[in-house]
Every structure is written in structure tokens, then in C-alpha cells.
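Dropping data-v6.cif in here (mmCIF, C-alpha atoms):
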```cif
data_protein
#
loop_
_atom_site.label_atom_id
_atom_site.label_comp_id
_atom_site.auth_asym_id
_atom_site.auth_seq_id
_atom_site.Cartn_x
_atom_site.Cartn_y
_atom_site.Cartn_z
CA LYS D 30 0.00 0.00 0.00
CA ALA D 31 1.11 3.58 -0.72
CA GLU D 32 0.72 4.63 2.94
CA ASP D 33 3.12 1.84 3.96
CA ASP D 34 5.82 2.92 1.50
CA LEU D 35 7.86 4.78 4.10
CA VAL D 36 10.89 6.90 3.30
CA LEU D 37 13.94 5.46 5.02
CA LYS D 38 16.39 7.60 6.95
CA ALA D 39 20.02 7.05 7.92
CA GLY D 40 20.27 4.64 10.84
CA ASP D 41 16.93 2.93 10.20
CA VAL D 42 16.89 -0.84 10.70
CA ILE D 43 14.64 -3.16 8.68
CA THR D 44 13.85 -6.52 10.27
CA VAL D 45 12.23 -9.29 8.22
CA PHE D 46 10.63 -11.90 10.47
CA SER D 47 10.31 -15.54 9.51
CA LYS D 48 7.31 -17.65 10.44
CA ASP D 49 9.43 -19.13 13.26
CA ASP D 50 9.89 -15.71 14.85
CA ILE D 51 6.20 -14.98 15.32
CA ARG D 52 4.11 -17.54 17.17
CA VAL D 53 0.52 -17.62 15.97
CA PRO D 54 -2.36 -19.99 16.80
CA GLN D 55 -2.08 -23.46 15.28
CA GLU D 56 -5.04 -22.91 12.94
CA ARG D 57 -3.44 -19.79 11.46
CA GLN D 58 -0.03 -21.33 10.76
CA SER D 59 0.86 -22.01 7.12
CA LYS D 60 2.01 -25.62 6.68
CA TYR D 61 3.32 -27.25 3.53
CA ILE D 62 4.02 -30.83 2.46
CA ARG D 63 5.98 -32.11 -0.51
CA LEU D 64 4.57 -34.95 -2.64
CA GLU D 65 6.97 -36.62 -5.08
CA GLY D 66 6.85 -39.62 -7.36
CA GLU D 67 3.78 -41.49 -8.51
CA PHE D 68 1.08 -38.84 -7.97
CA LYS D 69 -1.32 -37.45 -10.53
CA GLN D 70 -0.31 -34.00 -9.28
CA ALA D 71 3.09 -34.10 -7.59
CA GLY D 72 4.21 -30.86 -5.99
CA ILE D 73 4.25 -28.76 -2.82
CA TYR D 74 0.85 -28.27 -1.18
CA LYS D 75 -0.42 -26.01 1.57
CA LEU D 76 -2.24 -28.02 4.21
CA GLU D 77 -5.77 -27.29 5.28
CA THR D 78 -6.59 -27.15 8.98
CA GLY D 79 -6.52 -30.63 10.53
CA GLU D 80 -5.69 -32.32 7.21
CA THR D 81 -4.33 -35.86 7.34
CA LEU D 82 -2.15 -37.72 4.86
CA ARG D 83 -5.07 -39.70 3.48
CA LYS D 84 -7.30 -36.62 3.09
CA LEU D 85 -4.55 -34.56 1.43
CA ILE D 86 -3.77 -37.15 -1.23
CA ALA D 87 -7.46 -37.61 -1.99
CA ARG D 88 -7.84 -33.81 -2.32
CA VAL D 89 -4.95 -33.44 -4.79
CA GLY D 90 -6.13 -36.21 -7.10
CA GLY D 91 -4.56 -39.40 -5.78
CA PHE D 92 -1.86 -41.56 -7.31
CA SER D 93 -0.76 -42.32 -10.84
CA LEU D 94 -1.39 -45.72 -12.43
CA GLU D 95 1.72 -47.39 -10.96
CA PRO D 96 2.28 -46.42 -7.31
CA TYR D 97 4.22 -48.76 -5.03
CA LEU D 98 2.75 -47.74 -1.69
CA PHE D 99 4.67 -50.39 0.27
CA GLY D 100 7.89 -48.65 -0.77
CA ALA D 101 6.60 -45.14 0.03
CA GLU D 102 9.06 -42.99 2.00
CA PHE D 103 7.37 -40.64 4.44
CA THR D 104 9.87 -38.39 6.23
CA ARG D 105 9.44 -35.80 8.97
CA GLU D 106 11.93 -33.27 10.31
CA SER D 107 10.97 -33.62 13.98
CA THR D 108 11.41 -37.39 13.67
CA ARG D 109 14.79 -36.96 11.98
CA LEU D 110 16.04 -34.75 14.81
CA LEU D 111 14.96 -37.31 17.41
CA GLN D 112 16.50 -40.20 15.48
CA GLN D 113 19.76 -38.29 15.09
CA LYS D 114 19.84 -37.47 18.80
CA ARG D 115 19.47 -41.14 19.70
CA MET D 116 22.11 -42.16 17.18
CA ASP D 117 24.55 -39.58 18.55
CA GLU D 118 23.94 -40.83 22.09
CA ALA D 119 24.49 -44.43 20.97
CA LEU D 120 27.75 -43.52 19.23
CA GLU D 121 28.95 -41.62 22.28
CA ARG D 122 28.42 -44.73 24.42
CA LEU D 123 30.17 -46.84 21.80
CA GLU D 124 33.19 -44.51 21.74
CA LYS D 125 33.46 -44.70 25.50
CA GLU D 126 33.32 -48.49 25.33
CA VAL D 127 36.21 -48.47 22.82
CA GLU D 128 38.33 -46.50 25.27
CA ARG D 129 37.32 -48.59 28.30
CA SER D 130 38.03 -51.83 26.44
CA ALA D 131 41.46 -50.65 25.33
CA ALA D 132 42.37 -49.42 28.83
CA ALA D 133 41.31 -52.70 30.42
CA GLN D 134 43.34 -54.74 27.93
CA SER D 135 46.40 -52.52 28.37
CA ARG D 136 46.42 -53.09 32.12
CA THR D 137 46.61 -56.85 31.62
CA SER D 138 49.16 -56.78 28.76
CA LEU D 139 52.59 -58.16 29.56
CA SER D 140 54.55 -57.55 26.37
CA VAL D 141 55.32 -54.83 23.84
CA GLU D 142 53.70 -57.00 21.15
CA ASP D 143 50.47 -57.19 23.14
CA ILE D 144 50.37 -53.43 23.60
CA ALA D 145 51.01 -52.87 19.87
CA GLY D 146 48.22 -55.30 18.99
CA ILE D 147 45.79 -53.53 21.33
CA LYS D 148 46.64 -50.16 19.80
CA GLN D 149 46.06 -51.52 16.29
CA GLN D 150 42.70 -52.97 17.34
CA GLN D 151 41.71 -49.70 19.00
CA ASP D 152 42.62 -47.72 15.88
CA SER D 153 40.47 -50.06 13.76
CA GLN D 154 37.56 -49.65 16.15
CA ARG D 155 37.86 -45.88 15.99
CA VAL D 156 37.73 -46.06 12.19
CA LEU D 157 34.55 -48.13 12.41
CA VAL D 158 32.92 -45.63 14.77
CA GLY D 159 33.97 -42.83 12.43
CA LYS D 160 32.21 -44.55 9.54
CA LEU D 161 29.07 -44.91 11.62
CA LYS D 162 29.14 -41.17 12.28
CA GLN D 163 28.89 -40.55 8.53
CA ALA D 164 25.44 -42.17 8.50
CA LYS D 165 22.70 -39.64 9.16
CA ALA D 166 19.12 -40.28 10.21
CA THR D 167 16.50 -39.60 7.55
CA GLY D 168 13.39 -39.11 9.66
CA ARG D 169 11.54 -41.86 7.86
CA ILE D 170 8.32 -43.12 9.46
CA VAL D 171 7.14 -46.63 8.60
CA LEU D 172 3.56 -46.38 7.32
CA GLU D 173 2.70 -50.00 8.19
CA ILE D 174 0.73 -50.87 5.08
CA SER D 175 0.45 -54.11 3.14
CA PRO D 176 2.79 -54.88 0.21
CA LYS D 177 -0.38 -55.24 -1.87
CA SER D 178 -1.80 -51.80 -1.00
CA THR D 179 -2.70 -49.63 -4.00
CA THR D 180 -5.37 -47.14 -2.88
CA VAL D 181 -5.50 -43.93 -0.85
CA ASP D 182 -7.87 -45.53 1.68
CA GLU D 183 -5.17 -48.02 2.69
CA LEU D 184 -2.86 -45.25 3.90
CA PRO D 185 -2.83 -44.39 7.63
CA ASP D 186 -4.93 -41.38 8.59
CA LEU D 187 -1.77 -39.66 9.84
CA ALA D 188 -1.88 -36.05 11.06
CA LEU D 189 0.56 -33.93 9.04
CA GLU D 190 3.25 -31.46 10.11
CA ASP D 191 4.86 -28.59 8.25
CA GLY D 192 7.75 -29.84 6.11
CA ASP D 193 6.58 -33.45 5.82
CA LYS D 194 7.56 -35.23 2.62
CA LEU D 195 6.11 -38.28 0.89
CA PHE D 196 7.86 -40.00 -2.00
CA VAL D 197 5.95 -42.81 -3.72
CA PRO D 198 8.11 -44.82 -6.17
CA SER D 199 7.01 -46.98 -9.03
CA LYS D 200 7.15 -50.70 -8.30
CA PRO D 201 10.74 -52.00 -8.48
CA SER D 202 11.59 -55.35 -10.02
CA THR D 203 14.59 -56.35 -7.91
CA VAL D 204 15.81 -57.60 -4.52
CA SER D 205 19.32 -56.80 -3.26
CA VAL D 206 21.76 -58.83 -1.18
CA PHE D 207 24.42 -57.00 0.88
CA GLY D 208 27.10 -57.86 3.41
CA SER D 209 29.28 -60.92 3.91
CA VAL D 210 28.30 -62.90 0.82
CA TYR D 211 30.44 -63.98 -2.11
CA ASN D 212 28.55 -61.86 -4.64
CA GLU D 213 26.89 -58.68 -3.37
CA ASN D 214 24.38 -57.92 -6.07
CA THR D 215 20.85 -57.02 -7.11
CA PHE D 216 18.66 -59.79 -8.46
CA ILE D 217 15.37 -59.97 -10.36
CA PHE D 218 12.35 -60.28 -8.08
CA LYS D 219 10.17 -63.34 -8.65
CA THR D 220 7.12 -64.16 -6.57
CA GLU D 221 8.14 -67.78 -6.03
CA LYS D 222 11.66 -66.96 -4.84
CA ARG D 223 12.49 -67.00 -1.13
CA ILE D 224 15.33 -65.63 0.98
CA GLU D 225 17.37 -68.80 0.53
CA ASP D 226 17.05 -68.49 -3.25
CA TYR D 227 18.51 -64.98 -3.30
CA LEU D 228 21.27 -66.00 -0.87
CA GLN D 229 22.14 -68.88 -3.17
CA GLN D 230 22.35 -66.50 -6.13
CA ALA D 231 24.74 -64.36 -4.07
CA GLY D 232 26.94 -67.38 -3.39
CA GLY D 233 25.81 -67.70 0.22
CA PRO D 234 27.49 -66.27 3.34
CA THR D 235 31.28 -66.15 3.32
CA LYS D 236 33.31 -67.88 6.03
CA ASP D 237 33.13 -64.60 7.96
CA GLY D 238 29.38 -64.17 7.43
CA ASP D 239 27.07 -64.55 10.42
CA GLY D 240 24.28 -66.77 9.08
CA LYS D 241 22.44 -66.65 12.41
CA SER D 242 22.04 -62.85 12.33
CA ILE D 243 20.73 -62.30 8.78
CA TYR D 244 18.07 -59.63 8.54
CA ILE D 245 15.82 -58.06 5.90
CA ILE D 246 15.38 -54.34 5.29
CA ARG D 247 11.86 -54.16 3.92
CA ALA D 248 10.94 -51.72 1.18
CA ASP D 249 8.73 -49.92 3.70
CA GLY D 250 11.71 -49.24 5.99
CA SER D 251 10.95 -51.91 8.61
CA VAL D 252 13.44 -54.61 9.60
CA LEU D 253 12.85 -58.36 9.97
CA SER D 254 15.64 -60.36 11.59
CA LYS D 255 16.20 -64.08 11.80
CA GLY D 256 15.99 -63.80 15.59
CA GLN D 257 12.46 -62.35 15.39
CA THR D 258 10.95 -65.33 13.57
CA GLY D 259 11.26 -67.81 16.46
CA TRP D 260 12.36 -71.42 16.70
CA PHE D 261 9.50 -72.98 14.74
CA SER D 262 9.47 -70.75 11.66
CA ASN D 263 11.73 -71.06 8.65
CA PHE D 264 13.27 -67.65 8.06
CA ASN D 265 15.07 -68.67 4.88
CA SER D 266 11.77 -69.69 3.30
CA ALA D 267 10.10 -66.34 4.00
CA ALA D 268 8.65 -64.48 1.02
CA LEU D 269 10.06 -61.10 0.01
CA SER D 270 8.60 -58.03 -1.68
CA PRO D 271 10.07 -55.96 -4.52
CA GLY D 272 12.63 -53.50 -3.20
CA ASP D 273 13.55 -55.57 -0.12
CA ALA D 274 17.22 -56.06 0.80
CA ILE D 275 18.86 -59.06 2.50
CA VAL D 276 21.78 -58.21 4.81
CA VAL D 277 24.31 -60.80 5.99
CA PRO D 278 26.37 -59.27 8.85
CA GLU D 279 29.98 -60.17 9.48
CA GLU D 280 30.69 -62.65 12.27
CA PHE D 281 32.40 -60.79 15.10
CA ASP D 282 34.37 -62.22 18.00
CA LYS D 283 32.18 -62.58 21.07
CA THR D 284 33.89 -59.77 22.95
CA SER D 285 31.97 -57.03 24.71
CA PHE D 286 32.91 -54.38 22.16
CA THR D 287 32.28 -56.33 18.97
CA LYS D 288 28.94 -57.68 20.21
CA SER D 289 27.77 -54.17 21.07
CA PHE D 290 29.09 -52.89 17.76
CA LYS D 291 27.06 -55.43 15.77
CA ASP D 292 23.96 -54.66 17.84
CA TRP D 293 24.32 -50.93 17.22
CA THR D 294 24.75 -51.26 13.46
CA GLN D 295 21.51 -53.24 13.23
CA ILE D 296 19.71 -50.69 15.38
CA PHE D 297 20.90 -47.86 13.15
CA TYR D 298 19.06 -49.34 10.17
CA GLN D 299 15.88 -48.96 12.19
CA PHE D 300 16.57 -45.23 12.64
CA GLY D 301 15.45 -44.59 9.09
CA LEU D 302 18.73 -45.29 7.32
CA GLY D 303 17.32 -48.08 5.15
CA VAL D 304 19.24 -49.40 2.18
CA ALA D 305 20.87 -46.01 1.57
CA GLY D 306 22.68 -46.38 4.88
CA LEU D 307 24.36 -49.53 3.61
CA LYS D 308 26.47 -47.41 1.25
CA VAL D 309 28.00 -45.73 4.30
CA LEU D 310 28.11 -48.77 6.58
CA LYS D 311 29.18 -51.26 3.91
CA GLY D 312 31.91 -53.56 5.07
CA LEU D 313 31.46 -52.90 8.78
#
```
Structure rendered as C-alpha cells:
Amino acid sequence: KAEDDLVLKAGDVITVFSKDDIRVPQERQSKYIRLEGEFKQAGIYKLETGETLRKLIARVGGFSLEPYLFGAEFTRESTRLLQQKRMDEALERLEKEVERSAAAQSRTSLSVEDIAGIKQQQDSQRVLVGKLKQAKATGRIVLEISPKSTTVDELPDLALEDGDKLFVPSKPSTVSVFGSVYNENTFIFKTEKRIEDYLQQAGGPTKDGDGKSIYIIRADGSVLSKGQTGWFSNFNSAALSPGDAIVVPEEFDKTSFTKSFKDWTQIFYQFGLGVAGLKVLKGL
């Protein structure tokens, strides 16, 4: 407006406030969500008051002809910050355990060779922790829907926050095998194939592979481990979905540090790292 077009004078200060600087009632706040991938109308949308994920997608026209809802990646900034905080705390405990373990071993060492070996082991452990620090939480939230889901009504009626993002891919045609196998690779998905079939294609676990601790990173971001299936179920005969990944961890010595290290790496995958995190953690 013309009456607001003030003439500035020397020494005047102009302050431009962001939406974070001025707290307004919840119903008056502008919130936006990003929709990417297999939508009829992908883009950035302003949320209506009280709008949920299911209602928003229905309002903007729904999905394209080939959405893979089971592989949908829903991420949230507040969740990412919490995941990262927990990861940082876990790594801090792990670093302290490295130092405690080395100190305890040094006190019981009797020779120069023993001390040199402990130092080499400690240096290797520090490198491993450093690699873990490169992995960052994504803020992904598992939507808990069926691999066969195809419609908006099958999505959770999840309340939305400003900055949320949903990426819906097209249906992949592969399953990947990572870790301590003879042939890390990506293989064609077939309905009749089971975990053992993909492991066989990858040459099976190496002599250093821990066959008892194999786990699956599902396309929806969840994790299924061999330990979860119980004594009376056959994990290797379990069916997979397109986009799943089989992970064969390395067999570690049953020391306090290495057991904790293996436990933490598996937990990190559940902090939203998914298959992308394997690129950082590969070989650990």
C-alpha cells in the first residue's frame, strides 16, 4: 500500500521476520508438504486445517497408475532430529566403550607385542565408529501398510506437520543382497523366490558371514531379523517383496565391544537409514 511505502532515513533498521519468529495460533499457521513420485499431481501443497495424509492425497487427485505404496518414504523433520539425537547418544556410548576396552586390555598386557596389537585394534575400532558417524538419520516413518496396497484408503490417517515429505516410487523389479556374501548384487524379483534363493544366487554367506544374524530391510523401511521369527518358523523360506534387501552381517568375535558394535549397526538401520545407509556402513 502507498501509505506503507515509508521513506527510510540514515540509521533505520529493517527486520524481516520468519514464520518461526512470530508464534501464531495453530489454525493460522501455514504448513506445507511435498509430494513426489507417482502422484497425478506431484508438488508442494499447503495443508488445510486438521488435514491428514489420506485426506490430502485424496484432495490433490490421488496416485498415478503405478504407485508402489509399500515402498513409500514418508519423512518428517521432527522425527529426523529425534532419530539423530538417539544415534549420537548411541555412538557416544560406543566410543566410551572403545576406550574402556582398550584401557582394560592394556592393564593386563605383559609384552610390547600385546600393547602394539591392542593399539592396532583400537585404531580399527575408531575407524569403524567414524564410519558410523557418517550415517545420518533420515526421519523416515514406517507407514505399516500391506505390500499389496494400491489405494488412498489403505494409507494411515496420519496427522501432518509442516515440512513433511512423501515420495511414492514406481514398483521395483529387484531384490538386493548386501554384506558378507560372495557376490553382493541385485537380483530380479520373482514371486516364487524366497530368501534362501537370493542368498544362493549371491553365493551364500562367506566364512566370515554370520548366518544366524541375517536380517531383511523391507521396502517400507521396517526390519525383519532371523531372531524375530522364532524357533519354529523357517526364516530362509520367507517371502520377500520388490525393493527388499537381504543383509548378511559379518561374524564378530564374542567380545563385549564387537557384540555391542554389531547390535548398534543393526539398530541404526531402524533409525530410518534403510538401504541407503548400507552405502556408508558397507563392510562394517
request  = For CA of Ala131 (chain D) and CA of Asp152 (chain D), quote the distance in Å rounded to one decimal.
outcome  =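 Interatomic distance, CA of Ala131 (chain D) to CA of Asp152 (chain D): 10.0 Å.
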query = If you measure from CA of Phe218 (chain D) to CA of Lys255 (chain D), what distance in Å do you get, rounded to one decimal?
reply =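 Taking CA of Phe218 (chain D) and CA of Lys255 (chain D), their separation equals 20.6 Å.
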task = Write out as a PyMOL selection string which residues come within 9 Å of Pro198 (chain D) when counting all atoms listed in the file, dropping same-chain ones fewer than 6 positions away.
result = chain D and resi 65-67+95-98+100-102
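Here CA of Leu269 (chain D) stands at a distance of 23.2 Å from CA of Val181 (chain D).
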query = Which is closer to Ser130 (chain D) than all the others in D:Gln151, D:Ser107, D:Gly90, D:Tyr244, using only C-alpha atoms?
reply =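 Among the listed residues, D:Gln151 lies closest to Ser130 (chain D).
Nearest residue to Lys200 (chain D), choosing from D:Ile243, D:Met116, D:Ala248, D:Leu64 and counting only C-alpha atoms: D:Ala248.
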key: Residue among D:Ala231, D:Arg115, D:Leu195, D:Val156 lying closest to Ala71 (chain D), counting only C-alpha atoms   = D:Leu195
message = When the PyMOL selection byres ((chain D and resi 279) around 8) is applied to the structure above, which residues does it catch, written out as a ChimeraX atom specification?
response = /D:208-209,237-239,277-278,280-281,313
Same residues, C-alpha atoms, saved as a PDB file, in the frame of the given file:
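And here's part-v6.pdb as it stands now:
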```pdb
ATOM      1  CA  GLY D 208      27.100 -57.860   3.410  1.00  0.00           C
ATOM      2  CA  SER D 209      29.280 -60.920   3.910  1.00  0.00           C
ATOM      3  CA  ASP D 237      33.130 -64.600   7.960  1.00  0.00           C
ATOM      4  CA  GLY D 238      29.380 -64.170   7.430  1.00  0.00           C
ATOM      5  CA  ASP D 239      27.070 -64.550  10.420  1.00  0.00           C
ATOM      6  CA  VAL D 277      24.310 -60.800   5.990  1.00  0.00           C
ATOM      7  CA  PRO D 278      26.370 -59.270   8.850  1.00  0.00           C
ATOM      8  CA  GLU D 280      30.690 -62.650  12.270  1.00  0.00           C
ATOM      9  CA  PHE D 281      32.400 -60.790  15.100  1.00  0.00           C
ATOM     10  CA  LEU D 313      31.460 -52.900   8.780  1.00  0.00           C
TER      11      LEU D 313
END
```
query = In terms of the shortest atom-to-atom distance over all atoms listed in the file, which of D:Lys75, D:Lys222, D:Lys84, D:Lys241 is closest to Lys60 (chain D)?
reply =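 For Lys60 (chain D), the nearest of the candidates is D:Lys75.
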message = I need the output of the PyMOL selection byres ((chain D and resi 192) around 12) for this file as an NGL selection string; which residues are they?
response = :D and (59-64 or 73-76 or 103-109 or 168 or 189-191 or 193-195)
query = Which one is closest to Lys69 (chain D): D:Ile174, D:Ile86, D:Leu123, D:Ile217? Count all atoms listed in the file.
reply =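 Selected residue with least distance to Lys69 (chain D): D:Ile86.
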request  = With the file shown as input, list the residues that the PyMOL selection byres ((chain D and resi 265) around 7) selects, as number ranges by chain.
outcome  = D: 223-225, 263-264, 266-267
For region 98-130 of chain D, which lacks atoms in the input, supply N, CA and C atoms and format the output as a PDB file, keeping the file's coordinate frame.
```pdb
ATOM      1  N   LEU D  98       2.973 -48.336  -2.995  1.00  0.00           N
ATOM      2  CA  LEU D  98       2.750 -47.740  -1.690  1.00  0.00           C
ATOM      3  C   LEU D  98       3.589 -48.407  -0.593  1.00  0.00           C
ATOM      4  N   PHE D  99       3.870 -49.698  -0.736  1.00  0.00           N
ATOM      5  CA  PHE D  99       4.670 -50.390   0.270  1.00  0.00           C
ATOM      6  C   PHE D  99       6.082 -49.794   0.346  1.00  0.00           C
ATOM      7  N   GLY D 100       6.559 -49.252  -0.751  1.00  0.00           N
ATOM      8  CA  GLY D 100       7.890 -48.650  -0.770  1.00  0.00           C
ATOM      9  C   GLY D 100       7.866 -47.147  -0.542  1.00  0.00           C
ATOM     10  N   ALA D 101       6.711 -46.588  -0.178  1.00  0.00           N
ATOM     11  CA  ALA D 101       6.600 -45.140   0.030  1.00  0.00           C
ATOM     12  C   ALA D 101       7.508 -44.694   1.173  1.00  0.00           C
ATOM     13  N   GLU D 102       8.164 -43.548   0.987  1.00  0.00           N
ATOM     14  CA  GLU D 102       9.060 -42.990   2.000  1.00  0.00           C
ATOM     15  C   GLU D 102       8.456 -41.708   2.554  1.00  0.00           C
ATOM     16  N   PHE D 103       7.930 -41.811   3.769  1.00  0.00           N
ATOM     17  CA  PHE D 103       7.370 -40.640   4.440  1.00  0.00           C
ATOM     18  C   PHE D 103       8.389 -40.156   5.463  1.00  0.00           C
ATOM     19  N   THR D 104       8.845 -38.922   5.325  1.00  0.00           N
ATOM     20  CA  THR D 104       9.870 -38.390   6.230  1.00  0.00           C
ATOM     21  C   THR D 104       9.370 -37.127   6.918  1.00  0.00           C
ATOM     22  N   ARG D 105       9.869 -36.925   8.136  1.00  0.00           N
ATOM     23  CA  ARG D 105       9.440 -35.800   8.970  1.00  0.00           C
ATOM     24  C   ARG D 105      10.647 -35.223   9.704  1.00  0.00           C
ATOM     25  N   GLU D 106      10.762 -33.915   9.717  1.00  0.00           N
ATOM     26  CA  GLU D 106      11.930 -33.270  10.310  1.00  0.00           C
ATOM     27  C   GLU D 106      12.025 -33.506  11.809  1.00  0.00           C
ATOM     28  N   SER D 107      10.911 -33.416  12.531  1.00  0.00           N
ATOM     29  CA  SER D 107      10.970 -33.620  13.980  1.00  0.00           C
ATOM     30  C   SER D 107      11.401 -35.052  14.311  1.00  0.00           C
ATOM     31  N   THR D 108      10.996 -35.997  13.479  1.00  0.00           N
ATOM     32  CA  THR D 108      11.410 -37.390  13.670  1.00  0.00           C
ATOM     33  C   THR D 108      12.893 -37.549  13.372  1.00  0.00           C
ATOM     34  N   ARG D 109      13.370 -36.880  12.328  1.00  0.00           N
ATOM     35  CA  ARG D 109      14.790 -36.960  11.980  1.00  0.00           C
ATOM     36  C   ARG D 109      15.660 -36.432  13.116  1.00  0.00           C
ATOM     37  N   LEU D 110      15.261 -35.327  13.713  1.00  0.00           N
ATOM     38  CA  LEU D 110      16.040 -34.750  14.810  1.00  0.00           C
ATOM     39  C   LEU D 110      16.103 -35.706  15.994  1.00  0.00           C
ATOM     40  N   LEU D 111      14.980 -36.361  16.302  1.00  0.00           N
ATOM     41  CA  LEU D 111      14.960 -37.310  17.410  1.00  0.00           C
ATOM     42  C   LEU D 111      15.798 -38.542  17.109  1.00  0.00           C
ATOM     43  N   GLN D 112      15.683 -39.054  15.879  1.00  0.00           N
ATOM     44  CA  GLN D 112      16.500 -40.200  15.480  1.00  0.00           C
ATOM     45  C   GLN D 112      17.983 -39.872  15.566  1.00  0.00           C
ATOM     46  N   GLN D 113      18.353 -38.685  15.079  1.00  0.00           N
ATOM     47  CA  GLN D 113      19.760 -38.290  15.090  1.00  0.00           C
ATOM     48  C   GLN D 113      20.281 -38.154  16.512  1.00  0.00           C
ATOM     49  N   LYS D 114      19.447 -37.622  17.398  1.00  0.00           N
ATOM     50  CA  LYS D 114      19.840 -37.470  18.800  1.00  0.00           C
ATOM     51  C   LYS D 114      20.130 -38.839  19.412  1.00  0.00           C
ATOM     52  N   ARG D 115      19.264 -39.795  19.140  1.00  0.00           N
ATOM     53  CA  ARG D 115      19.470 -41.140  19.700  1.00  0.00           C
ATOM     54  C   ARG D 115      20.692 -41.815  19.096  1.00  0.00           C
ATOM     55  N   MET D 116      20.917 -41.603  17.806  1.00  0.00           N
ATOM     56  CA  MET D 116      22.110 -42.160  17.180  1.00  0.00           C
ATOM     57  C   MET D 116      23.372 -41.567  17.772  1.00  0.00           C
ATOM     58  N   ASP D 117      23.373 -40.250  17.971  1.00  0.00           N
ATOM     59  CA  ASP D 117      24.550 -39.580  18.550  1.00  0.00           C
ATOM     60  C   ASP D 117      24.821 -40.090  19.949  1.00  0.00           C
ATOM     61  N   GLU D 118      23.768 -40.298  20.733  1.00  0.00           N
ATOM     62  CA  GLU D 118      23.940 -40.830  22.090  1.00  0.00           C
ATOM     63  C   GLU D 118      24.505 -42.249  22.052  1.00  0.00           C
ATOM     64  N   ALA D 119      24.014 -43.055  21.102  1.00  0.00           N
ATOM     65  CA  ALA D 119      24.490 -44.430  20.970  1.00  0.00           C
ATOM     66  C   ALA D 119      25.969 -44.444  20.590  1.00  0.00           C
ATOM     67  N   LEU D 120      26.354 -43.573  19.663  1.00  0.00           N
ATOM     68  CA  LEU D 120      27.750 -43.520  19.230  1.00  0.00           C
ATOM     69  C   LEU D 120      28.662 -43.015  20.351  1.00  0.00           C
ATOM     70  N   GLU D 121      28.156 -42.107  21.151  1.00  0.00           N
ATOM     71  CA  GLU D 121      28.950 -41.620  22.280  1.00  0.00           C
ATOM     72  C   GLU D 121      29.230 -42.753  23.261  1.00  0.00           C
ATOM     73  N   ARG D 122      28.211 -43.575  23.527  1.00  0.00           N
ATOM     74  CA  ARG D 122      28.420 -44.730  24.420  1.00  0.00           C
ATOM     75  C   ARG D 122      29.397 -45.718  23.801  1.00  0.00           C
ATOM     76  N   LEU D 123      29.287 -45.898  22.476  1.00  0.00           N
ATOM     77  CA  LEU D 123      30.170 -46.840  21.800  1.00  0.00           C
ATOM     78  C   LEU D 123      31.621 -46.364  21.840  1.00  0.00           C
ATOM     79  N   GLU D 124      31.832 -45.056  21.656  1.00  0.00           N
ATOM     80  CA  GLU D 124      33.190 -44.510  21.740  1.00  0.00           C
ATOM     81  C   GLU D 124      33.785 -44.712  23.125  1.00  0.00           C
ATOM     82  N   LYS D 125      32.975 -44.506  24.144  1.00  0.00           N
ATOM     83  CA  LYS D 125      33.460 -44.700  25.500  1.00  0.00           C
ATOM     84  C   LYS D 125      33.813 -46.163  25.754  1.00  0.00           C
ATOM     85  N   GLU D 126      33.035 -47.068  25.158  1.00  0.00           N
ATOM     86  CA  GLU D 126      33.320 -48.490  25.330  1.00  0.00           C
ATOM     87  C   GLU D 126      34.633 -48.866  24.651  1.00  0.00           C
ATOM     88  N   VAL D 127      34.931 -48.237  23.500  1.00  0.00           N
ATOM     89  CA  VAL D 127      36.210 -48.470  22.820  1.00  0.00           C
ATOM     90  C   VAL D 127      37.356 -48.121  23.762  1.00  0.00           C
ATOM     91  N   GLU D 128      37.254 -46.952  24.388  1.00  0.00           N
ATOM     92  CA  GLU D 128      38.330 -46.500  25.270  1.00  0.00           C
ATOM     93  C   GLU D 128      38.441 -47.375  26.509  1.00  0.00           C
ATOM     94  N   ARG D 129      37.293 -47.737  27.101  1.00  0.00           N
ATOM     95  CA  ARG D 129      37.320 -48.590  28.300  1.00  0.00           C
ATOM     96  C   ARG D 129      37.914 -49.960  27.983  1.00  0.00           C
ATOM     97  N   SER D 130      37.533 -50.509  26.835  1.00  0.00           N
ATOM     98  CA  SER D 130      38.030 -51.830  26.440  1.00  0.00           C
ATOM     99  C   SER D 130      39.536 -51.801  26.244  1.00  0.00           C
TER     100      SER D 130
END
```
